[in-house]
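**Q** To be precise about what I am sending: the file is called run.txt and holds compact mmCIF, C-alpha atoms.
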# COMPACT_ATOMS: atom_id res chain seq x y z
CA MET A 1 110.32 152.92 127.47
CA SER A 2 107.96 150.51 125.83
CA ILE A 3 109.01 147.69 123.58
CA LYS A 4 106.94 147.29 120.47
CA LYS A 5 105.98 143.81 119.46
CA VAL A 6 107.32 142.71 116.11
CA PRO A 7 104.71 141.04 113.91
CA PHE A 8 105.33 137.31 113.73
CA GLY A 9 105.42 137.33 109.91
CA LEU A 10 108.14 139.99 109.86
CA LEU A 11 110.16 138.03 112.41
CA ILE A 12 110.04 134.87 110.28
CA ALA A 13 111.04 136.86 107.18
CA PHE A 14 113.97 138.35 109.08
CA VAL A 15 115.18 134.94 110.28
CA LEU A 16 114.96 133.46 106.80
CA THR A 17 116.92 136.41 105.40
CA VAL A 18 119.66 135.89 107.99
CA LEU A 19 119.80 132.18 107.21
CA GLN A 20 120.18 132.92 103.50
CA LEU A 21 123.00 135.36 104.16
CA THR A 22 124.83 133.11 106.63
CA PRO A 23 127.42 130.98 104.80
CA VAL A 24 126.88 127.24 105.17
CA ALA A 25 130.00 125.22 105.82
CA ALA A 26 130.76 123.11 102.76
CA ALA A 27 131.56 119.41 103.14
CA PRO A 28 135.28 118.83 103.14
CA PRO A 29 136.55 117.71 99.74
CA ALA A 30 137.49 114.05 99.33
CA GLY A 31 141.18 113.39 99.35
CA PRO A 32 144.08 112.53 101.64
CA SER A 33 144.68 114.40 104.87
CA ALA A 34 147.69 116.66 105.31
CA GLN A 35 148.96 114.28 107.99
CA LEU A 36 148.87 111.29 105.63
CA ILE A 37 150.64 113.23 102.89
CA GLN A 38 153.38 114.31 105.25
CA ALA A 39 153.84 110.80 106.66
CA ALA A 40 153.98 109.31 103.15
CA LYS A 41 156.51 111.89 101.99
CA SER A 42 158.65 111.04 105.02
CA GLU A 43 158.73 107.40 103.90
CA GLY A 44 159.72 108.62 100.45
CA THR A 45 159.18 105.46 98.44
CA ILE A 46 156.68 102.70 97.66
CA ILE A 47 157.30 99.12 96.52
CA SER A 48 154.74 97.18 94.50
CA TYR A 49 154.29 93.74 93.00
CA GLY A 50 152.54 93.29 89.64
CA LEU A 51 152.17 96.94 88.62
CA PRO A 52 154.35 97.19 85.46
CA ASN A 53 154.12 100.36 83.38
CA SER A 54 152.28 98.57 80.56
CA TRP A 55 149.50 97.17 82.78
CA VAL A 56 146.36 99.39 82.59
CA ASN A 57 148.58 102.49 82.35
CA TYR A 58 150.21 102.07 85.76
CA GLY A 59 153.22 103.79 84.20
CA GLY A 60 151.21 106.97 83.64
CA LEU A 61 149.39 106.69 86.96
CA LEU A 62 152.56 106.26 89.01
CA GLN A 63 154.30 109.02 87.09
CA GLY A 64 151.49 111.35 88.15
CA PHE A 65 151.69 110.10 91.74
CA THR A 66 155.44 110.79 91.88
CA LYS A 67 154.99 114.21 90.31
CA ASP A 68 152.34 115.22 92.86
CA TYR A 69 154.03 113.84 95.98
CA GLY A 70 157.72 113.27 95.18
CA ILE A 71 157.48 109.62 96.26
CA THR A 72 159.59 107.21 94.20
CA HIS A 73 158.32 103.81 93.08
CA LYS A 74 159.79 100.39 92.42
CA ASP A 75 157.85 97.46 90.97
CA THR A 76 158.56 93.77 90.49
CA ASP A 77 156.33 92.32 87.78
CA MET A 78 154.68 89.03 88.75
CA ASP A 79 151.56 87.11 87.79
CA SER A 80 148.76 86.85 90.34
CA GLY A 81 149.65 83.40 91.65
CA THR A 82 153.27 84.40 92.19
CA ILE A 83 152.19 87.58 93.98
CA ILE A 84 150.04 85.63 96.42
CA ASN A 85 152.77 83.05 97.09
CA THR A 86 155.40 85.76 97.55
CA LEU A 87 153.26 87.76 99.99
CA ILE A 88 152.68 84.60 102.03
CA ALA A 89 156.38 83.68 101.97
CA GLU A 90 157.41 87.19 103.05
CA ALA A 91 154.79 87.52 105.79
CA SER A 92 157.37 87.61 108.59
CA SER A 93 159.48 90.21 106.77
CA PRO A 94 157.27 92.08 104.27
CA VAL A 95 158.78 93.76 101.21
CA ALA A 96 155.87 94.97 99.08
CA ASP A 97 153.52 97.77 100.09
CA THR A 98 150.74 97.22 97.56
CA THR A 99 149.61 95.14 94.58
CA ASP A 100 146.79 94.58 92.07
CA LEU A 101 144.90 91.28 91.68
CA GLY A 102 141.77 89.89 90.06
CA LEU A 103 138.67 89.72 92.27
CA ALA A 104 138.91 85.94 92.40
CA PHE A 105 141.91 86.33 94.73
CA ALA A 106 140.00 88.42 97.30
CA LYS A 107 139.09 85.33 99.34
CA LEU A 108 142.76 84.33 99.61
CA VAL A 109 143.69 87.87 100.63
CA GLU A 110 141.16 87.65 103.44
CA ASP A 111 141.92 84.08 104.52
CA LYS A 112 145.68 84.61 104.59
CA ASN A 113 145.45 88.09 106.19
CA LEU A 114 147.52 89.56 103.37
CA SER A 115 146.15 93.11 103.61
CA LYS A 116 146.05 95.99 106.05
CA PRO A 117 142.50 97.45 106.21
CA TYR A 118 142.16 100.96 104.83
CA MET A 119 139.13 102.84 103.51
CA ASN A 120 140.07 105.64 101.12
CA SER A 121 138.31 109.00 100.96
CA TYR A 122 136.14 107.89 98.03
CA TRP A 123 134.86 104.76 99.78
CA SER A 124 131.19 105.74 99.60
CA GLU A 125 131.38 105.95 95.79
CA ILE A 126 132.63 102.38 95.41
CA PRO A 127 129.80 99.87 94.77
CA SER A 128 129.28 97.36 97.58
CA TYR A 129 130.28 94.44 95.34
CA ALA A 130 133.61 96.13 94.59
CA LYS A 131 134.85 96.50 98.17
CA ASP A 132 135.25 94.58 101.39
CA PRO A 133 133.09 96.03 104.18
CA LYS A 134 136.09 95.74 106.53
CA GLY A 135 138.33 97.71 104.17
CA ARG A 136 140.66 94.82 103.36
CA TRP A 137 140.45 95.42 99.60
CA SER A 138 138.59 97.38 96.95
CA ALA A 139 138.44 97.48 93.16
CA ALA A 140 139.50 100.67 91.36
CA PHE A 141 138.60 99.51 87.84
CA TYR A 142 137.24 96.70 85.72
CA GLY A 143 137.51 95.24 82.24
CA VAL A 144 134.91 93.49 80.08
CA MET A 145 135.42 90.24 78.16
CA GLY A 146 134.99 90.68 74.42
CA PHE A 147 136.42 90.01 70.95
CA LEU A 148 139.13 91.75 68.96
CA VAL A 149 138.39 91.16 65.27
CA ASN A 150 140.73 91.82 62.37
CA ALA A 151 138.15 92.93 59.82
CA ASP A 152 140.76 92.68 57.06
CA LYS A 153 140.89 88.92 57.71
CA VAL A 154 137.28 88.30 58.75
CA LYS A 155 134.53 89.19 56.28
CA ASN A 156 131.62 89.08 58.73
CA VAL A 157 132.45 90.47 62.16
CA PRO A 158 130.85 88.21 64.83
CA LYS A 159 128.60 90.05 67.28
CA THR A 160 127.72 87.22 69.69
CA TRP A 161 129.24 84.10 71.22
CA ASP A 162 126.91 81.98 69.12
CA ASP A 163 128.13 83.72 65.98
CA LEU A 164 131.59 82.32 66.71
CA LEU A 165 130.29 78.77 66.31
CA LYS A 166 129.59 79.29 62.61
CA PRO A 167 131.68 77.25 60.12
CA GLU A 168 133.04 80.40 58.48
CA TYR A 169 135.17 81.06 61.59
CA LYS A 170 136.95 77.70 61.54
CA GLY A 171 140.63 78.11 62.45
CA THR A 172 140.36 81.84 63.14
CA MET A 173 140.05 82.20 66.92
CA CYS A 174 142.92 82.79 69.35
CA MET A 175 142.69 82.50 73.13
CA LYS A 176 144.89 81.65 76.10
CA ASN A 177 144.73 78.31 77.90
CA PRO A 178 142.17 78.22 80.75
CA ARG A 179 144.29 75.67 82.59
CA SER A 180 146.91 78.35 83.28
CA SER A 181 145.38 81.72 82.39
CA ALA A 182 142.93 83.61 84.63
CA THR A 183 141.97 85.72 81.59
CA ALA A 184 141.03 82.59 79.64
CA GLN A 185 139.01 81.33 82.60
CA MET A 186 137.04 84.58 82.50
CA SER A 187 136.47 83.99 78.77
CA VAL A 188 134.77 80.71 79.63
CA LEU A 189 132.80 82.45 82.36
CA GLY A 190 131.70 85.11 79.86
CA ALA A 191 130.34 82.38 77.58
CA ALA A 192 128.68 80.76 80.59
CA PHE A 193 126.80 83.96 81.45
CA ALA A 194 125.69 84.25 77.82
CA HIS A 195 124.17 80.79 78.05
CA GLY A 196 122.39 80.92 81.38
CA GLY A 197 125.33 80.18 83.66
CA SER A 198 126.97 82.13 86.46
CA GLU A 199 130.03 82.12 88.72
CA THR A 200 128.35 79.24 90.59
CA ASN A 201 127.52 77.37 87.36
CA VAL A 202 130.33 77.40 84.79
CA GLN A 203 129.16 74.29 82.92
CA PRO A 204 127.30 76.22 80.16
CA GLY A 205 130.60 77.94 79.33
CA LEU A 206 132.49 74.65 79.17
CA ASP A 207 129.72 73.14 77.02
CA TYR A 208 129.96 76.11 74.67
CA PHE A 209 133.72 75.79 74.22
CA LYS A 210 133.38 72.03 73.73
CA LYS A 211 131.20 72.83 70.68
CA MET A 212 133.77 75.37 69.52
CA ILE A 213 136.64 72.90 69.83
CA ASP A 214 134.68 70.14 68.08
CA ARG A 215 134.03 72.51 65.18
CA GLY A 216 137.70 73.51 64.87
CA ILE A 217 137.16 77.21 65.58
CA PRO A 218 140.27 77.73 67.80
CA ASN A 219 143.55 77.82 65.88
CA GLY A 220 145.79 76.94 68.84
CA VAL A 221 147.61 80.29 68.90
CA SER A 222 147.98 82.05 72.24
CA PRO A 223 147.34 85.73 71.49
CA SER A 224 149.98 88.42 71.85
CA SER A 225 150.39 91.90 70.45
CA ALA A 226 152.99 90.53 68.02
CA ASN A 227 150.87 87.78 66.49
CA ILE A 228 147.85 90.07 66.32
CA GLN A 229 149.99 92.53 64.34
CA LYS A 230 151.14 89.70 62.07
CA GLY A 231 147.54 88.73 61.32
CA GLU A 232 147.90 85.34 63.00
CA CYS A 233 144.86 86.02 65.20
CA PRO A 234 141.89 87.01 63.03
CA ILE A 235 139.65 86.80 66.11
CA THR A 236 140.94 87.10 69.67
CA ILE A 237 138.93 86.59 72.84
CA GLN A 238 140.34 89.00 75.41
CA TRP A 239 139.57 91.83 77.80
CA ASP A 240 138.23 94.93 76.12
CA PHE A 241 141.13 96.97 77.52
CA GLU A 242 143.64 94.65 75.87
CA ALA A 243 141.68 94.78 72.62
CA LEU A 244 141.37 98.56 72.76
CA ARG A 245 145.07 98.93 73.43
CA ASN A 246 145.89 96.72 70.43
CA LYS A 247 143.51 98.76 68.28
CA ASP A 248 145.02 102.04 69.49
CA GLN A 249 148.59 100.87 68.86
CA ASN A 250 147.82 99.62 65.34
CA PRO A 251 145.82 102.41 63.67
CA LYS A 252 146.59 101.13 60.17
CA MET A 253 144.90 97.80 60.87
CA ASN A 254 141.14 97.39 60.58
CA LEU A 255 140.66 96.12 64.13
CA GLN A 256 137.21 96.13 65.69
CA VAL A 257 136.35 95.63 69.37
CA VAL A 258 133.12 93.71 69.99
CA ILE A 259 131.24 93.33 73.27
CA PRO A 260 129.10 90.22 72.65
CA SER A 261 125.47 91.26 72.76
CA ASP A 262 124.24 87.90 74.07
CA GLY A 263 126.05 88.41 77.38
CA THR A 264 129.50 88.66 78.91
CA VAL A 265 131.25 89.44 82.19
CA ALA A 266 133.16 92.26 83.83
CA GLY A 267 136.33 91.50 85.71
CA LEU A 268 137.14 93.62 88.76
CA TYR A 269 140.73 94.21 89.86
CA ILE A 270 141.43 94.83 93.53
CA GLN A 271 144.09 96.88 95.29
CA PHE A 272 145.12 96.96 98.95
CA VAL A 273 147.82 97.97 101.41
CA THR A 274 149.75 94.80 102.22
CA ALA A 275 149.89 93.52 105.78
CA GLY A 276 153.03 94.84 107.43
CA ALA A 277 153.76 97.19 104.51
CA PRO A 278 157.17 98.82 105.15
CA HIS A 279 155.84 102.06 103.64
CA ALA A 280 152.22 101.83 104.74
CA ASN A 281 151.52 105.56 104.57
CA ALA A 282 152.86 105.79 101.01
CA ALA A 283 150.65 102.80 100.11
CA LYS A 284 147.60 104.49 101.65
CA LEU A 285 148.38 107.66 99.75
CA LEU A 286 148.63 105.65 96.52
CA MET A 287 145.18 104.20 97.28
CA GLU A 288 143.92 107.77 97.60
CA TYR A 289 145.51 108.69 94.27
CA GLU A 290 144.19 105.59 92.45
CA TYR A 291 140.61 106.44 93.41
CA SER A 292 140.93 110.19 92.88
CA ASP A 293 139.77 111.86 89.67
CA LYS A 294 143.38 111.92 88.44
CA GLY A 295 143.93 108.25 89.18
CA GLN A 296 140.65 107.11 87.70
CA LEU A 297 141.38 109.08 84.53
CA ALA A 298 144.85 107.51 84.34
CA TYR A 299 143.27 104.05 84.49
CA ALA A 300 140.83 105.00 81.73
CA GLN A 301 143.80 106.02 79.58
CA GLY A 302 144.80 102.36 79.90
CA PHE A 303 141.34 101.50 78.49
CA VAL A 304 139.85 100.04 81.66
CA HIS A 305 136.63 101.31 83.23
CA PRO A 306 136.97 103.48 86.36
CA ILE A 307 134.92 102.23 89.29
CA ARG A 308 133.80 105.76 90.19
CA THR A 309 131.01 106.64 87.79
CA SER A 310 131.16 110.31 88.83
CA VAL A 311 134.47 110.67 86.97
CA LYS A 312 133.76 112.00 83.48
CA LEU A 313 136.10 111.02 80.68
CA PRO A 314 137.21 113.55 78.05
CA ALA A 315 135.28 113.22 74.80
CA ASP A 316 138.35 112.22 72.77
CA LEU A 317 139.16 109.38 75.18
CA LEU A 318 135.55 108.25 75.51
CA ALA A 319 135.33 108.05 71.71
CA LYS A 320 137.96 105.29 71.72
CA PHE A 321 135.66 102.98 73.70
CA PRO A 322 132.66 101.11 72.26
CA PRO A 323 129.42 103.06 72.82
CA ALA A 324 127.76 102.77 76.22
CA ALA A 325 124.90 100.78 74.69
CA ALA A 326 127.34 98.00 73.80
CA TYR A 327 127.91 97.34 77.50
CA LYS A 328 124.27 96.65 78.36
CA SER A 329 124.96 92.92 78.06
CA VAL A 330 127.61 92.98 80.81
CA SER A 331 127.14 91.14 84.12
CA PHE A 332 129.28 91.65 87.22
CA PRO A 333 130.12 88.40 89.03
CA LYS A 334 129.80 89.52 92.66
CA ASP A 335 130.33 86.30 94.62
CA TYR A 336 134.11 86.34 94.86
CA VAL A 337 134.18 83.13 96.89
CA ALA A 338 132.34 81.36 94.08
CA LEU A 339 134.55 83.14 91.54
CA ASP A 340 137.61 81.62 93.17
CA LYS A 341 136.07 78.14 92.88
CA ALA A 342 134.94 78.85 89.32
CA GLY A 343 138.53 79.26 88.14
CA SER A 344 139.43 75.79 89.42
CA ALA A 345 136.27 74.27 87.98
CA ILE A 346 137.01 75.78 84.56
CA ALA A 347 140.64 74.63 84.61
CA ASP A 348 139.61 71.08 85.55
CA GLY A 349 136.75 71.07 83.06
CA TRP A 350 139.00 72.26 80.25
CA THR A 351 141.24 69.23 80.71
CA LEU A 352 138.24 67.06 79.87
CA ILE A 353 136.94 68.97 76.85
CA ALA A 354 140.30 69.75 75.22
CA LYS A 355 141.52 66.16 74.86
How does this structure look as structure tokens?

**A**
Amino acid sequence: MSIKKVPFGLLIAFVLTVLQLTPVAAAPPAGPSAQLIQAAKSEGTIISYGLPNSWVNYGGLLQGFTKDYGITHKDTDMDSGTIINTLIAEASSPVADTTDLGLAFAKLVEDKNLSKPYMNSYWSEIPSYAKDPKGRWSAAFYGVMGFLVNADKVKNVPKTWDDLLKPEYKGTMCMKNPRSSATAQMSVLGAAFAHGGSETNVQPGLDYFKKMIDRGIPNGVSPSSANIQKGECPITIQWDFEALRNKDQNPKMNLQVVIPSDGTVAGLYIQFVTAGAPHANAAKLLMEYEYSDKGQLAYAQGFVHPIRTSVKLPADLLAKFPPAAAYKSVSFPKDYVALDKAGSAIADGWTLIAK
């Protein structure tokens, strides 16, 4: 019995047809493993520091986490400095499993070994400047420094930092004290970036605020939701997510959120599993949830910007933010070691200019 030779062209066509018909294994979807979910559920609870319900919609995020996994949550609200000091004090007998801090604290987290390295399933989508290559921390979201303007009180809405130096704004501006507030320090850094400075050169920001103080622009009021509602803060320098929340909660007021077009800064907020976390698997699972589509959307509902750009926001939520073009002036301070030093330099410098 003879075997007929198959023409080479027909053989290639046959192979290609088979390849087209053969299913190709899809890449596994990002997300926690079944083993991690089971281990976290066995722990049953997670304890955090500095994640109150009102902060960037952690209330909504953690409600979703509990609904999906049945893991309960307890938080103790603290400011960043207190969180760091408490984690250090409790190092021999840890209590908290996770927390949330400004990027400027990343160096302390590393130096004091306050975190347990963990790279979540979405690690490749996180920009290099928003994560530690060893997995000791990463940033799930960021805010942008801007202005909240009560257009019922202010005739001409300022669009730039230099606008705020005009005489017409005398006695109208509210801000926190940079000697004690990390947010206020970032305000100074935002002005520094707008005037040629950086996280390694904060002097242009201090020089700018010296002009503002000399011209009587600040009114000495530390902003809060209450005094914004009362009209005591015609112009407030604050994070865009704080401004957007105030605008959303006061629909009858003519509040406008401005991203200064002459330059400003983004502020990254980092999360991590604490070293020696009593419920380490639950903390890892929360990291997975925070960076998942659900978690990133929950953050956006708190008016911060998700770090994963692949997550698309619903049109009605996106409409509450300033247009994308408004954010073209934003710079991301990436040198977190310098950022840590910048806070001290601004606090010390403020003592000199605010005499």

**Q** Name all residues at most 7 Å from stretch 169-174 of chain A (count all atoms listed in the file; drop same-chain ones fewer than 6 positions away) and give them as a list in words.

**A**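 After dropping sequence-adjacent residues, the list is Arg215, Gly216, Ile217, Pro218, Asn219, Gly220, Val221, Ser222, Pro223, Cys233, Pro234, Ile235, Thr236 and Ile237 of chain A.
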
**Q** Hey, what's within 9 Å of A:Asp335 if we count only C-alpha atoms and toss same-chain stuff fewer than 2 positions away? As a short mmCIF file (atom, residue, chain, number, x, y, z; two decimals) with C-alpha atoms, in the coordinates of the input, please?

**A**
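And here is the file that came out, around-v4.cif:
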data_model
loop_
_atom_site.label_atom_id
_atom_site.label_comp_id
_atom_site.auth_asym_id
_atom_site.auth_seq_id
_atom_site.Cartn_x
_atom_site.Cartn_y
_atom_site.Cartn_z
CA ALA A 104 138.91 85.94 92.40
CA TYR A 129 130.28 94.44 95.34
CA GLU A 199 130.03 82.12 88.72
CA THR A 200 128.35 79.24 90.59
CA PRO A 333 130.12 88.40 89.03
CA VAL A 337 134.18 83.13 96.89
CA ALA A 338 132.34 81.36 94.08
CA LEU A 339 134.55 83.14 91.54
CA ASP A 340 137.61 81.62 93.17
#

**Q** To one decimal place, how far is atom CA of A:Tyr49 from atom CA of A:Lys116 in Å?

**A**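 Between these atoms lies a distance of 15.6 Å.
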
**Q** Anything within 6 Å of (133.6, 97.5, 83.7): list those residues as JSON, numbers by chain, counting only C-alpha atoms and sticking to the file's coordinates.

**A** {"A": [142, 143, 144, 266, 305]}

**Q** Measuring atom to atom with all atoms listed in the file, identify which of A:Val95, A:Val188, A:Ala315, A:Val56 is nearest to A:His279.

**A**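 With all atoms listed in the file as the atom set, the closest residue is A:Val95.
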
**Q** Within 12 Å of (128.0, 84.9, 67.9) (file coordinates; all atoms listed in the file), which protein or nucleic acid residues are there? I'd like them as a PyMOL selection string.

**A** chain A and resi 146-147+156-169+191+194-195+208+212+235+258-264

**Q** Check the smallest atom-to-atom distance from each of A:Leu148, A:Ala192, A:Ala280, A:Val265 to A:Asp248 using only C-alpha atoms, then report the winner.

**A**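 Checking each of A:Leu148, A:Ala192, A:Ala280, A:Val265 against A:Asp248, counting only C-alpha atoms, the winner is A:Leu148.
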
**Q** Can you work out the spacing between atom CA of A:Thr76 and atom CA of A:Phe303 in Å, to one decimal?

**A**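 For atom CA of A:Thr76 relative to atom CA of A:Phe303, the distance reads 22.4 Å.
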
**Q** For A:Thr72, list every protein, DNA or RNA residue within 9 Å, evaluated using all atoms listed in the file, and leave out those in the same chain fewer than 6 positions away; present the list as a list in words.

**A** Gly44, Thr45, Ile46, Ile47, Leu62, Phe65 and Thr66 of chain A

**Q** Work out how far atom CA of A:Asn246 is from atom CA of A:Gly231, in Å to one decimal.

**A** 12.2 Å

**Q** What's the 12 Å shell around A:Ile307, counting all atoms listed in the file, without same-chain residues fewer than 6 positions away, as a PyMOL selection string?

**A** chain A and resi 122-131+138-143+266-270+290-293+295-297+299-300

**Q** Would you kindly return, as a list in words, each protein, DNA or RNA residue with an atom no farther than 9 Å from any atom of A:Asp152, considering all atoms listed in the file and excluding same-chain residues fewer than 2 positions away?

**A** Val149, Asn150, Val154, Lys155, Gly231, Pro234, Met253, Asn254 and Leu255 of chain A

**Q** Could you work out an axis-aligned box for stretch 43-60 of chain A, taking every atom the file lists and adding 8 Å on each side, and report centre and edge lengths in Å to one decimal, as JSON?

**A**
{"center_x": 153.0, "center_y": 101.0, "center_z": 92.2, "size_x": 29.4, "size_y": 31.3, "size_z": 39.3}

**Q** Can you work out which one of A:Val257, A:Leu352, A:Ile84, A:Ala30 has the shortest atom-to-atom distance to A:Phe321, counting all atoms listed in the file?

**A**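 Distance minimum relative to A:Phe321 lands on A:Val257.
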
**Q** Which residue out of A:Gly64, A:Gly197, A:Pro32, A:Pro117 has the minimum interatomic distance to A:Ala342 when all atoms listed in the file are used?

**A**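 Closest to A:Ala342, using all atoms listed in the file: A:Gly197.
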
**Q** Would you mind telling me which residue in A:Ser198, A:Ser33, A:Asn227, A:Gln185 lies nearest to A:Trp239 when using all atoms listed in the file?

**A**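 So, comparing all the options, the nearest one is A:Gln185.
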
**Q** Output: stretch 332-344 of chain A of the preceding structure, restricted to N, CA and C atoms, written as a short mmCIF file (atom, residue, chain, number, x, y, z; two decimals), in the first residue's frame.

**A**
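So the final result, stored in decode_11.cif, reads:
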data_model
loop_
_atom_site.label_atom_id
_atom_site.label_comp_id
_atom_site.auth_asym_id
_atom_site.auth_seq_id
_atom_site.Cartn_x
_atom_site.Cartn_y
_atom_site.Cartn_z
N PHE A 332 3.60 64.58 39.98
CA PHE A 332 3.65 63.55 41.00
C PHE A 332 5.02 63.56 41.67
N PRO A 333 5.14 64.07 42.89
CA PRO A 333 6.42 63.96 43.59
C PRO A 333 6.74 62.47 43.80
N LYS A 334 7.86 62.02 43.28
CA LYS A 334 8.16 60.59 43.28
C LYS A 334 9.27 60.21 44.27
N ASP A 335 10.05 61.20 44.70
CA ASP A 335 11.15 60.93 45.62
C ASP A 335 10.61 61.00 47.04
N TYR A 336 10.18 59.85 47.56
CA TYR A 336 9.51 59.86 48.87
C TYR A 336 10.49 60.12 50.01
N VAL A 337 11.77 59.88 49.80
CA VAL A 337 12.76 60.25 50.81
C VAL A 337 12.85 61.77 50.90
N ALA A 338 12.92 62.42 49.74
CA ALA A 338 12.93 63.88 49.72
C ALA A 338 11.61 64.45 50.21
N LEU A 339 10.52 63.77 49.93
CA LEU A 339 9.20 64.23 50.36
C LEU A 339 9.10 64.26 51.87
N ASP A 340 9.71 63.27 52.51
CA ASP A 340 9.74 63.22 53.97
C ASP A 340 10.49 64.43 54.52
N LYS A 341 11.63 64.75 53.91
CA LYS A 341 12.42 65.91 54.34
C LYS A 341 11.72 67.22 54.02
N ALA A 342 10.96 67.23 52.93
CA ALA A 342 10.27 68.45 52.52
C ALA A 342 9.26 68.89 53.57
N GLY A 343 8.56 67.93 54.18
CA GLY A 343 7.60 68.28 55.21
C GLY A 343 8.25 69.02 56.37
N SER A 344 9.42 68.54 56.80
CA SER A 344 10.13 69.21 57.90
C SER A 344 10.63 70.57 57.47
#
